[in-house]
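**Student:** The following file, entry_17.cif, comprises mmCIF, C-alpha atoms:
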data_start
loop_
_atom_site.group_PDB
_atom_site.id
_atom_site.type_symbol
_atom_site.label_atom_id
_atom_site.label_comp_id
_atom_site.auth_asym_id
_atom_site.auth_seq_id
_atom_site.Cartn_x
_atom_site.Cartn_y
_atom_site.Cartn_z
ATOM 1 C CA MET V 1 -6.906 10.435 -1.281
ATOM 2 C CA ILE V 2 -3.536 8.845 -1.772
ATOM 3 C CA LEU V 3 -2.809 5.811 0.362
ATOM 4 C CA TYR V 4 0.780 4.710 0.729
ATOM 5 C CA VAL V 5 1.487 1.273 2.151
ATOM 6 C CA ALA V 6 4.894 0.126 3.340
ATOM 7 C CA ARG V 7 6.209 -3.007 4.958
ATOM 8 C CA HIS V 8 8.386 -2.665 8.041
ATOM 9 C CA GLY V 9 12.159 -3.063 7.842
ATOM 10 C CA GLN V 10 13.944 -6.384 8.204
ATOM 11 C CA THR V 11 13.895 -8.421 11.423
ATOM 12 C CA ILE V 12 16.060 -11.360 12.454
ATOM 13 C CA LEU V 13 13.171 -13.703 11.604
ATOM 14 C CA ASN V 14 12.913 -12.189 8.114
ATOM 15 C CA GLU V 15 16.659 -12.644 7.716
ATOM 16 C CA GLN V 16 16.363 -16.298 8.806
ATOM 17 C CA ASN V 17 13.345 -16.856 6.492
ATOM 18 C CA LYS V 18 11.089 -17.710 9.441
ATOM 19 C CA VAL V 19 7.350 -17.088 9.811
ATOM 20 C CA CYS V 20 6.977 -13.850 11.761
ATOM 21 C CA GLY V 21 3.284 -13.173 12.302
ATOM 22 C CA ILE V 22 2.411 -11.725 15.698
ATOM 23 C CA THR V 23 5.833 -12.600 17.128
ATOM 24 C CA ASP V 24 7.042 -9.218 18.381
ATOM 25 C CA VAL V 25 10.658 -8.704 17.317
ATOM 26 C CA ASP V 26 12.897 -5.682 16.754
ATOM 27 C CA LEU V 27 14.400 -4.438 13.523
ATOM 28 C CA THR V 28 17.901 -5.529 12.572
ATOM 29 C CA ASN V 29 20.490 -2.886 11.687
ATOM 30 C CA LYS V 30 19.621 -3.548 8.044
ATOM 31 C CA GLY V 31 15.934 -3.033 8.946
ATOM 32 C CA LYS V 32 16.749 0.358 10.476
ATOM 33 C CA GLU V 33 18.609 1.312 7.293
ATOM 34 C CA GLN V 34 15.591 0.195 5.234
ATOM 35 C CA ALA V 35 13.376 2.419 7.398
ATOM 36 C CA LYS V 36 15.685 5.384 6.749
ATOM 37 C CA ALA V 37 15.573 4.643 3.013
ATOM 38 C CA LEU V 38 11.767 4.480 3.230
ATOM 39 C CA ALA V 39 11.780 7.905 4.891
ATOM 40 C CA LEU V 40 13.797 9.263 1.959
ATOM 41 C CA ALA V 41 11.350 7.653 -0.487
ATOM 42 C CA VAL V 42 8.304 9.276 1.134
ATOM 43 C CA GLY V 43 9.990 12.549 2.115
ATOM 44 C CA GLY V 44 8.570 14.642 -0.733
ATOM 45 C CA LYS V 45 5.122 13.086 -0.901
ATOM 46 C CA ASN V 46 3.192 15.459 1.443
ATOM 47 C CA ILE V 47 1.953 12.678 3.714
ATOM 48 C CA ASP V 48 -0.416 13.908 6.429
ATOM 49 C CA LYS V 49 -0.367 10.923 8.787
ATOM 50 C CA ILE V 50 1.402 7.628 9.427
ATOM 51 C CA ILE V 51 -0.688 4.799 10.831
ATOM 52 C CA SER V 52 1.299 1.852 12.158
ATOM 53 C CA SER V 53 0.742 -1.686 13.317
ATOM 54 C CA PRO V 54 1.408 -2.010 17.067
ATOM 55 C CA LEU V 55 4.142 -4.632 16.614
ATOM 56 C CA LYS V 56 7.657 -3.392 17.473
ATOM 57 C CA ARG V 57 9.085 -3.829 13.977
ATOM 58 C CA ALA V 58 6.363 -1.647 12.455
ATOM 59 C CA VAL V 59 6.473 0.925 15.260
ATOM 60 C CA GLN V 60 10.258 1.205 14.983
ATOM 61 C CA THR V 61 9.984 1.692 11.220
ATOM 62 C CA SER V 62 7.179 4.229 11.693
ATOM 63 C CA ASN V 63 9.118 6.162 14.340
ATOM 64 C CA ILE V 64 12.139 6.471 12.055
ATOM 65 C CA VAL V 65 9.996 7.706 9.142
ATOM 66 C CA SER V 66 7.983 9.999 11.421
ATOM 67 C CA GLU V 67 11.075 11.602 12.947
ATOM 68 C CA ILE V 68 12.944 12.073 9.658
ATOM 69 C CA CYS V 69 9.915 13.375 7.746
ATOM 70 C CA ASN V 70 8.169 15.167 10.632
ATOM 71 C CA ILE V 71 4.891 13.320 10.025
ATOM 72 C CA PRO V 72 2.539 12.594 12.935
ATOM 73 C CA MET V 73 2.061 8.911 13.726
ATOM 74 C CA GLU V 74 -0.595 6.820 15.399
ATOM 75 C CA ILE V 75 -0.983 3.109 16.052
ATOM 76 C CA ASP V 76 -3.950 0.978 15.035
ATOM 77 C CA LYS V 77 -4.170 -2.635 16.178
ATOM 78 C CA ARG V 78 -6.146 -3.637 13.075
ATOM 79 C CA LEU V 79 -2.881 -3.454 11.096
ATOM 80 C CA ILE V 80 -1.260 -6.205 13.176
ATOM 81 C CA GLU V 81 0.080 -9.138 11.152
ATOM 82 C CA GLN V 82 -1.833 -12.384 10.814
ATOM 83 C CA ASN V 83 -1.530 -14.756 13.761
ATOM 84 C CA TYR V 84 0.034 -17.852 12.212
ATOM 85 C CA GLY V 85 -0.527 -19.883 15.392
ATOM 86 C CA ILE V 86 1.618 -23.005 15.589
ATOM 87 C CA TYR V 87 3.666 -21.811 12.592
ATOM 88 C CA GLU V 88 5.053 -18.705 14.330
ATOM 89 C CA GLY V 89 8.836 -19.035 14.002
ATOM 90 C CA ALA V 90 8.640 -21.989 11.574
ATOM 91 C CA ASP V 91 10.626 -22.069 8.352
ATOM 92 C CA ARG V 92 8.708 -20.206 5.618
ATOM 93 C CA LYS V 93 9.269 -23.184 3.284
ATOM 94 C CA ASN V 94 7.541 -25.588 5.693
ATOM 95 C CA GLU V 95 5.164 -27.635 3.497
ATOM 96 C CA ASP V 96 2.286 -27.604 5.987
ATOM 97 C CA PHE V 97 2.604 -23.846 6.434
ATOM 98 C CA LEU V 98 2.642 -23.239 2.663
ATOM 99 C CA ASN V 99 -0.329 -25.543 2.103
ATOM 100 C CA ASN V 100 -2.317 -23.801 4.816
ATOM 101 C CA LYS V 101 -1.276 -20.376 3.506
ATOM 102 C CA SER V 102 -2.992 -21.111 0.184
ATOM 103 C CA GLN V 103 -6.258 -22.019 1.942
ATOM 104 C CA PHE V 104 -7.708 -18.580 2.675
ATOM 105 C CA ALA V 105 -10.527 -19.752 4.956
ATOM 106 C CA TYR V 106 -8.247 -22.100 6.927
ATOM 107 C CA ARG V 107 -7.634 -20.930 10.487
ATOM 108 C CA TYR V 108 -4.091 -21.745 11.532
ATOM 109 C CA PRO V 109 -4.185 -23.840 14.738
ATOM 110 C CA ASN V 110 -4.062 -21.326 17.619
ATOM 111 C CA GLY V 111 -4.117 -18.515 15.029
ATOM 112 C CA GLU V 112 -6.394 -16.886 12.490
ATOM 113 C CA SER V 113 -7.404 -17.328 8.862
ATOM 114 C CA MET V 114 -6.605 -14.990 5.996
ATOM 115 C CA MET V 115 -10.354 -14.313 5.784
ATOM 116 C CA GLN V 116 -10.324 -13.025 9.381
ATOM 117 C CA VAL V 117 -7.400 -10.744 8.573
ATOM 118 C CA ALA V 118 -9.185 -9.461 5.460
ATOM 119 C CA TYR V 119 -12.313 -8.715 7.512
ATOM 120 C CA ARG V 120 -10.456 -6.477 9.983
ATOM 121 C CA VAL V 121 -8.196 -4.843 7.359
ATOM 122 C CA TYR V 122 -11.049 -4.114 4.924
ATOM 123 C CA GLY V 123 -13.071 -2.522 7.751
ATOM 124 C CA PHE V 124 -10.053 -0.414 8.668
ATOM 125 C CA LEU V 125 -9.569 0.678 5.036
ATOM 126 C CA ASP V 126 -13.252 1.596 4.670
ATOM 127 C CA GLU V 127 -12.905 3.787 7.753
ATOM 128 C CA ILE V 128 -9.689 5.612 6.870
ATOM 129 C CA ILE V 129 -10.779 6.238 3.282
ATOM 130 C CA GLU V 130 -13.842 8.018 4.686
ATOM 131 C CA ILE V 131 -11.954 9.924 7.414
ATOM 132 C CA TYR V 132 -8.949 10.942 5.313
ATOM 133 C CA LYS V 133 -10.622 11.371 1.915
ATOM 134 C CA GLU V 134 -8.793 14.661 1.214
ATOM 135 C CA LYS V 135 -5.449 13.558 2.720
ATOM 136 C CA SER V 136 -2.454 11.331 2.083
ATOM 137 C CA VAL V 137 -1.813 8.552 4.590
ATOM 138 C CA LEU V 138 1.068 6.106 4.992
ATOM 139 C CA LEU V 139 0.316 2.714 6.513
ATOM 140 C CA ILE V 140 3.309 0.830 7.893
ATOM 141 C CA CYS V 141 2.468 -2.785 8.470
ATOM 142 C CA HIS V 142 3.381 -6.359 7.506
ATOM 143 C CA GLY V 143 3.690 -8.628 4.481
ATOM 144 C CA GLY V 144 0.385 -10.446 4.988
ATOM 145 C CA VAL V 145 -1.499 -7.227 5.680
ATOM 146 C CA CYS V 146 0.089 -5.577 2.626
ATOM 147 C CA ARG V 147 -1.123 -8.535 0.569
ATOM 148 C CA ILE V 148 -4.697 -8.043 1.875
ATOM 149 C CA ILE V 149 -4.557 -4.276 1.246
ATOM 150 C CA ASN V 150 -3.497 -4.965 -2.342
ATOM 151 C CA THR V 151 -6.632 -7.096 -2.872
ATOM 152 C CA TYR V 152 -8.796 -4.231 -1.632
ATOM 153 C CA PHE V 153 -7.678 -2.163 -4.616
ATOM 154 C CA ARG V 154 -6.762 -4.761 -7.248
ATOM 155 C CA ASP V 155 -8.490 -7.925 -8.394
ATOM 156 C CA MET V 156 -6.146 -10.889 -8.076
ATOM 157 C CA THR V 157 -6.313 -14.575 -8.759
ATOM 158 C CA ASN V 158 -5.527 -16.908 -5.866
ATOM 159 C CA LYS V 159 -2.084 -17.550 -7.351
ATOM 160 C CA GLU V 160 -1.374 -13.831 -7.770
ATOM 161 C CA PHE V 161 -2.422 -13.301 -4.161
ATOM 162 C CA PHE V 162 -0.248 -16.162 -2.933
ATOM 163 C CA ASP V 163 2.764 -14.915 -4.925
ATOM 164 C CA TYR V 164 2.415 -11.205 -4.068
ATOM 165 C CA THR V 165 5.175 -9.902 -1.799
ATOM 166 C CA LEU V 166 6.059 -6.412 -0.685
ATOM 167 C CA GLY V 167 9.673 -6.503 0.462
ATOM 168 C CA ASN V 168 10.955 -5.084 3.721
ATOM 169 C CA GLY V 169 10.962 -1.293 3.543
ATOM 170 C CA GLU V 170 9.181 -1.251 0.171
ATOM 171 C CA LEU V 171 6.327 1.098 -0.692
ATOM 172 C CA GLU V 172 3.075 0.804 -2.680
ATOM 173 C CA GLU V 173 0.842 3.701 -3.735
ATOM 174 C CA TYR V 174 -2.931 3.601 -4.237
ATOM 175 C CA ILE V 175 -4.789 6.607 -5.629
ATOM 176 C CA ILE V 176 -8.389 6.614 -4.477
#
Take the structure in this file and express it as structure tokens.
**Tutor:**
Amino acid sequence: MILYVARHGQTILNEQNKVCGITDVDLTNKGKEQAKALALAVGGKNIDKIISSPLKRAVQTSNIVSEICNIPMEIDKRLIEQNYGIYEGADRKNEDFLNNKSQFAYRYPNGESMMQVAYRVYGFLDEIIEIYKEKSVLLICHGGVCRIINTYFRDMTNKEFFDYTLGNGELEEYII
């Protein structure tokens, strides 16, 4: 199996450097262009299925890739971004947010912990690796979820995990 993982295109909150967990926002024009560029990047890769987060920015990115590349798409709620609770919409450089972000078992007030996200994403990965073992699948999701997926396949220190970023419209490949 080959698993491709991409982050959705840019949103206004990404552009403003704001925390954008479960806040459901559309792609910017630049985000739509990033989705088209992603479609070109995956166009020759023989992908059998796209599985998307249900948030608008991921669905819009997935729809663009699906339409350009003629790849069937489905939505799975387990790919939704982490709920950052009271930090939704806050500046990404907010000291409290950054401190909490480095504490993996810390549940954001009115949100969820990174450990909770890892639990649902790892279960999802276990399932799709079994179901699609002879296929190639593209997941289109979010920065935090991409970070968790990376830990499923690669050992990382806490600092490497904290520093890992997949940019808007960027693609990772995991050969299983």
**Student:** Excluding Phe161 (chain V) and any residue of its chain fewer than 6 positions from it, enumerate the residues within 9 Å of it, using only C-alpha atoms, and give them as a PyMOL selection string.
**Tutor:** chain V and resi 102+147-148+150-151
**Student:** Evaluate the PyMOL selection byres ((chain V and resi 170) around 6) and record the selected residues as a list in words, following the chain and residue labels used in the document.
**Tutor:**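 Answer for the PyMOL selection byres ((chain V and resi 170) around 6): Ala6, Arg7, Gly167, Asn168, Gly169 and Leu171 of chain V.
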**Student:** Taking the file as shown, what set of residues would the PyMOL selection byres ((chain V and resi 24-26) around 10) give back, as a PDB file with C-alpha atoms, in the coordinates of the input?
**Tutor:**
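To be explicit, this is the file written out as out.pdb:
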ATOM      1  CA  GLY V   9      12.159  -3.063   7.842  1.00  0.00           C
ATOM      2  CA  GLN V  10      13.944  -6.384   8.204  1.00  0.00           C
ATOM      3  CA  THR V  11      13.895  -8.421  11.423  1.00  0.00           C
ATOM      4  CA  ILE V  12      16.060 -11.360  12.454  1.00  0.00           C
ATOM      5  CA  LEU V  13      13.171 -13.703  11.604  1.00  0.00           C
ATOM      6  CA  CYS V  20       6.977 -13.850  11.761  1.00  0.00           C
ATOM      7  CA  GLY V  21       3.284 -13.173  12.302  1.00  0.00           C
ATOM      8  CA  ILE V  22       2.411 -11.725  15.698  1.00  0.00           C
ATOM      9  CA  THR V  23       5.833 -12.600  17.128  1.00  0.00           C
ATOM     10  CA  LEU V  27      14.400  -4.438  13.523  1.00  0.00           C
ATOM     11  CA  THR V  28      17.901  -5.529  12.572  1.00  0.00           C
ATOM     12  CA  ASN V  29      20.490  -2.886  11.687  1.00  0.00           C
ATOM     13  CA  GLY V  31      15.934  -3.033   8.946  1.00  0.00           C
ATOM     14  CA  LYS V  32      16.749   0.358  10.476  1.00  0.00           C
ATOM     15  CA  PRO V  54       1.408  -2.010  17.067  1.00  0.00           C
ATOM     16  CA  LEU V  55       4.142  -4.632  16.614  1.00  0.00           C
ATOM     17  CA  LYS V  56       7.657  -3.392  17.473  1.00  0.00           C
ATOM     18  CA  ARG V  57       9.085  -3.829  13.977  1.00  0.00           C
ATOM     19  CA  ALA V  58       6.363  -1.647  12.455  1.00  0.00           C
ATOM     20  CA  VAL V  59       6.473   0.925  15.260  1.00  0.00           C
ATOM     21  CA  GLN V  60      10.258   1.205  14.983  1.00  0.00           C
ATOM     22  CA  THR V  61       9.984   1.692  11.220  1.00  0.00           C
TER      23      THR V  61
END
**Student:** I'd like the residues picked by the PyMOL selection byres ((chain V and resi 50) around 10) written out as a list in words, using the chain letters and numbers from the file.
**Tutor:**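 So the PyMOL selection byres ((chain V and resi 50) around 10) ends up selecting Tyr4, Val5, Ile47, Asp48, Lys49, Ile51, Ser52, Ser62, Asn63, Val65, Ser66, Ile71, Pro72, Met73, Glu74, Ile75, Ser136, Val137, Leu138, Leu139 and Ile140 of chain V.
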**Student:** Take the residues from that selection and put them in a file with C-alpha atoms, as a PDB file, keeping the file's coordinate frame.
**Tutor:**
ATOM      1  CA  TYR V   4       0.780   4.710   0.729  1.00  0.00           C
ATOM      2  CA  VAL V   5       1.487   1.273   2.151  1.00  0.00           C
ATOM      3  CA  ILE V  47       1.953  12.678   3.714  1.00  0.00           C
ATOM      4  CA  ASP V  48      -0.416  13.908   6.429  1.00  0.00           C
ATOM      5  CA  LYS V  49      -0.367  10.923   8.787  1.00  0.00           C
ATOM      6  CA  ILE V  51      -0.688   4.799  10.831  1.00  0.00           C
ATOM      7  CA  SER V  52       1.299   1.852  12.158  1.00  0.00           C
ATOM      8  CA  SER V  62       7.179   4.229  11.693  1.00  0.00           C
ATOM      9  CA  ASN V  63       9.118   6.162  14.340  1.00  0.00           C
ATOM     10  CA  VAL V  65       9.996   7.706   9.142  1.00  0.00           C
ATOM     11  CA  SER V  66       7.983   9.999  11.421  1.00  0.00           C
ATOM     12  CA  ILE V  71       4.891  13.320  10.025  1.00  0.00           C
ATOM     13  CA  PRO V  72       2.539  12.594  12.935  1.00  0.00           C
ATOM     14  CA  MET V  73       2.061   8.911  13.726  1.00  0.00           C
ATOM     15  CA  GLU V  74      -0.595   6.820  15.399  1.00  0.00           C
ATOM     16  CA  ILE V  75      -0.983   3.109  16.052  1.00  0.00           C
ATOM     17  CA  SER V 136      -2.454  11.331   2.083  1.00  0.00           C
ATOM     18  CA  VAL V 137      -1.813   8.552   4.590  1.00  0.00           C
ATOM     19  CA  LEU V 138       1.068   6.106   4.992  1.00  0.00           C
ATOM     20  CA  LEU V 139       0.316   2.714   6.513  1.00  0.00           C
ATOM     21  CA  ILE V 140       3.309   0.830   7.893  1.00  0.00           C
TER      22      ILE V 140
END
**Student:** Distance CA of Ala41 (chain V)-CA of Glu134 (chain V), one decimal place?
**Tutor:**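 Distance between the two atoms: 21.4 Å.
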**Student:** Distance CA of Glu130 (chain V)-CA of Val145 (chain V), one decimal place?
**Tutor:** 19.6 Å
**Student:** Figure out the distance between CA of Phe97 (chain V) and CA of Pro109 (chain V), please, to one decimal in Å.
**Tutor:**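 Taking CA of Pro109 (chain V) as the start and CA of Phe97 (chain V) as the end point, the length is 10.7 Å.
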**Student:** Nearest to Met1 (chain V) among V:Leu40, V:Tyr119, V:Ile129, V:Lys45, with distances taken over only C-alpha atoms: which residue is it?
**Tutor:**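 Ranked by minimum distance to Met1 (chain V), first place goes to V:Ile129.
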**Student:** So, counting all atoms listed in the file, which residue among V:Glu67, V:Ile176, V:Lys101, V:Asn83 is closest to Asp126 (chain V)?
**Tutor:**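 So, comparing all the options, the nearest one is V:Ile176.
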**Student:** Could you give me, as an NGL selection string, the residues within 9 Å of Asn110 (chain V), counting only C-alpha atoms and dropping anything in the same chain fewer than 5 positions from it?
**Tutor:** :V and (83-86)
**Student:** Taking all listed atoms of region 37-42 of chain V, build the axis-aligned box, pad each of the six sides by 8 Å, then write its centre and edge lengths in Å to one decimal as lines of an AutoDock Vina configuration file.
**Tutor:**
center_x = 11.9
center_y = 6.9
center_z = 2.2
size_x = 23.3
size_y = 20.8
size_z = 21.4
**Student:** When distances are computed from only C-alpha atoms, which of V:Ile128, V:Asn70, V:Ile149, V:Phe162 shows the smallest separation from Asn100 (chain V)?
**Tutor:**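 Among V:Ile128, V:Asn70, V:Ile149, V:Phe162, it is V:Phe162 that comes nearest to Asn100 (chain V).
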**Student:** Which polymer residues have any atom within 7 Å of an atom of Ile175 (chain V), counting all atoms listed in the file, with same-chain residues fewer than 2 positions away left out, as a PyMOL selection string?
**Tutor:** chain V and resi 1-3+173
**Student:** Please list as a ChimeraX atom specification every residue within 9 Å of Phe104 (chain V), counting only C-alpha atoms and excluding residues in the same chain fewer than 5 positions away.
**Tutor:** /V:113-115,158
**Student:** Using only C-alpha atoms, determine which residues lie at most 8 Å from Asp91 (chain V), disregarding the query and same-chain residues fewer than 5 positions distant; provide the list as a ChimeraX atom specification.
**Tutor:** /V:17-19
